[in-house]
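Enquirer: Mind having a look at this structure? Questions to follow.
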There are 2 protein chains.
Amino acid sequence: MPPLRFKHLGVAVSEIGRALKTYEEIFGYRLLAGPFDDGIQKVTVCFVGTGLPSDVVLELVAPHPGESPVNRFLSRGGGAYHLCYEADDFDATLDELRQKGCLSVGDPVPAVAFGGRRIAWLYTPTRDLIEVLESRLP
Amino acid sequence: MPPLRFKHLGVAVSEIGRALKTYEEIFGYRLLAGPFDDGIQKVTVCFVGTGLPSDVVLELVAPHPGESPVNRFLSRGGGAYHLCYEADDFDATLDELRQKGCLSVGDPVPAVAFGGRRIAWLYTPTRDLIEVLESRLP
């Protein structure tokens with residue numbers, strides 16, 4: 001399997017505007033993309049960072065009103081909660097991850113923030129939540 | 001303030017050996033440094049990644065037997081829980097972060113994994129846990 005390529009770190013936040021302001025002030029980050037509303041994931045997300053290739057990109061993830069999967073992480077205190085990796089051969093990578101003991105959370109779905117490329121959620125055997133992102137549309 | 005430079009992502013794990021094996025198998029990561037036992041933090045840590053400059057470095061953090069601050073994050077499910085940033089002017093950076101609304105968790109202490117360079121823990125106003133690392137010994 002080609003190694004998964006790290007893409008971004010997901011951070012659960014209560015509200016995008018306030019979080020964005022904090023990340024700009026504290027870390028000198030800027031908005032790289034978004035905000036995007038994703039009706040399937042029931043979240044609003046944006047990407048922040050320095051924009052330098054060597055620097056980490058954070059995805060700020062805020063819940064839609066009502067039910068949202070991210071509420072579970074916010075109720076634990078919020079902050080960093082998932083790692084996103086890009087994979088070229090998306091379906092084969094998912095199969096291989098499951099063979100290695102990862103547990104799928106639902107089926108792959110297209111993601112607004114990535115122009116409809118598919119994402120899938122999995123828990124590793126050590127219970128880390130990862131998002132696998134299709135590197136390009138089929 | 002010079003921007004904080006992202007250093008690594010801290011991941012809470014139950015036990016270093018098993019986590020290391022998982023990260024090697026799933027992500028193709030290798031051990032970059034450690035394991036280190038830190039009696040002050042009451043944790044064993046190691047650093048893993050691909051070793052490519054553009055790639056994220058993960059710090060796997062496992063509790064010492066008995067009391068350990070990382071147990072709190074493990075009881076929430078484990079996984080990603082802190083971001084570490086390096087700062088050149090350590091004390092001035094901490095002052096500035098506090099002025100911007102960050103909350104210190106204890107005093108700065110030397111860290112075994114960084115050759116005695118000091119670290120400090122803070123919560124951002126949006127409740128993200130960050131570790132600030134002195135970029136060099138005074």
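How things are named: the first chain in the structure tokens is A, the next is B, and so on; residues count from 1 in each chain; ligands count from 1 in the order shown.
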Would you give me, as a PyMOL selection string, the residues of chain A that come within 9 Å of chain B, using only C-alpha atoms?
Expert: chain A and resi 1-9+11-14+18-19+22-23+25-29+50+53-56+76-83+96-97+100-102+124-129
Enquirer: Please return, as a PyMOL selection string, all residues of segment 10-103 of chain B that DSSP assigns to strand (DSSP E or B) on the basis of the backbone.
Expert: chain B and resi 10-12+30-38+43-49+58-63+79-87+103
Enquirer: Tell me, in Å to one decimal, how far atom CA of Trp121 of chain A is from atom CA of Glu67 of chain A.
Expert: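 Here the two named atoms are 17.9 Å from each other.
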Enquirer: Counting only C-alpha atoms, which residue out of B:Glu24, B:Gly51, B:Val43, B:Leu122 sits closest to Pro108 of chain B?
Expert: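 Closest to Pro108 of chain B, using only C-alpha atoms: B:Leu122.
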Enquirer: Which residues are near Phe114 of chain B? Cut-off 10 Å, only C-alpha atoms, ignore same chain within fewer than 4 positions. Put them as a PDB file with N, CA and C atoms, in the first residue's frame.
Expert:
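Contents of the output file selection.pdb:
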ATOM      1  N   PHE B  36      11.106   7.914  25.465  1.00  0.00           N
ATOM      2  CA  PHE B  36      11.664   8.650  26.590  1.00  0.00           C
ATOM      3  C   PHE B  36      10.694   8.537  27.765  1.00  0.00           C
ATOM      4  N   PRO B 110      11.373  21.521  32.516  1.00  0.00           N
ATOM      5  CA  PRO B 110      12.231  20.895  31.502  1.00  0.00           C
ATOM      6  C   PRO B 110      11.645  19.563  31.044  1.00  0.00           C
ATOM      7  N   ARG B 118      12.640  23.633  28.004  1.00  0.00           N
ATOM      8  CA  ARG B 118      11.410  23.773  28.777  1.00  0.00           C
ATOM      9  C   ARG B 118      10.162  23.671  27.897  1.00  0.00           C
ATOM     10  N   ILE B 119       9.126  23.127  28.507  1.00  0.00           N
ATOM     11  CA  ILE B 119       7.805  23.118  27.875  1.00  0.00           C
ATOM     12  C   ILE B 119       6.809  23.768  28.815  1.00  0.00           C
ATOM     13  N   LEU B 133       7.172  24.825  23.304  1.00  0.00           N
ATOM     14  CA  LEU B 133       8.505  24.254  23.520  1.00  0.00           C
ATOM     15  C   LEU B 133       9.559  25.329  23.250  1.00  0.00           C
ATOM     16  N   GLU B 134      10.449  25.479  24.198  1.00  0.00           N
ATOM     17  CA  GLU B 134      11.609  26.365  24.058  1.00  0.00           C
ATOM     18  C   GLU B 134      12.466  25.867  22.892  1.00  0.00           C
ATOM     19  N   SER B 135      12.831  26.737  21.975  1.00  0.00           N
ATOM     20  CA  SER B 135      13.507  26.254  20.763  1.00  0.00           C
ATOM     21  C   SER B 135      14.976  25.870  21.035  1.00  0.00           C
ATOM     22  N   ARG B 136      15.566  26.447  22.086  1.00  0.00           N
ATOM     23  CA  ARG B 136      16.939  26.018  22.455  1.00  0.00           C
ATOM     24  C   ARG B 136      17.166  26.282  23.946  1.00  0.00           C
ATOM     25  N   LEU B 137      18.157  25.614  24.507  1.00  0.00           N
ATOM     26  CA  LEU B 137      18.467  25.839  25.925  1.00  0.00           C
ATOM     27  C   LEU B 137      19.024  27.257  26.095  1.00  0.00           C
TER      28      LEU B 137
END
Enquirer: From the DSSP assignment of the backbone, select every residue of chain B that is alpha helix (DSSP H), and format the answer as an NGL selection string.
Expert: :B and (16-27 or 71-75 or 90-99)
Enquirer: Interatomic distance between atom CA of Ala87 of chain B and atom CA of Ala111 of chain B?
Expert: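 Going from atom CA of Ala87 of chain B over to atom CA of Ala111 of chain B covers 14.7 Å.
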Enquirer: Rounded to one decimal place, report the atom CA of Glu131 of chain A-atom CA of Val70 of chain A distance in Å.
Expert: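 Separation between atom CA of Glu131 of chain A and atom CA of Val70 of chain A: 13.4 Å.
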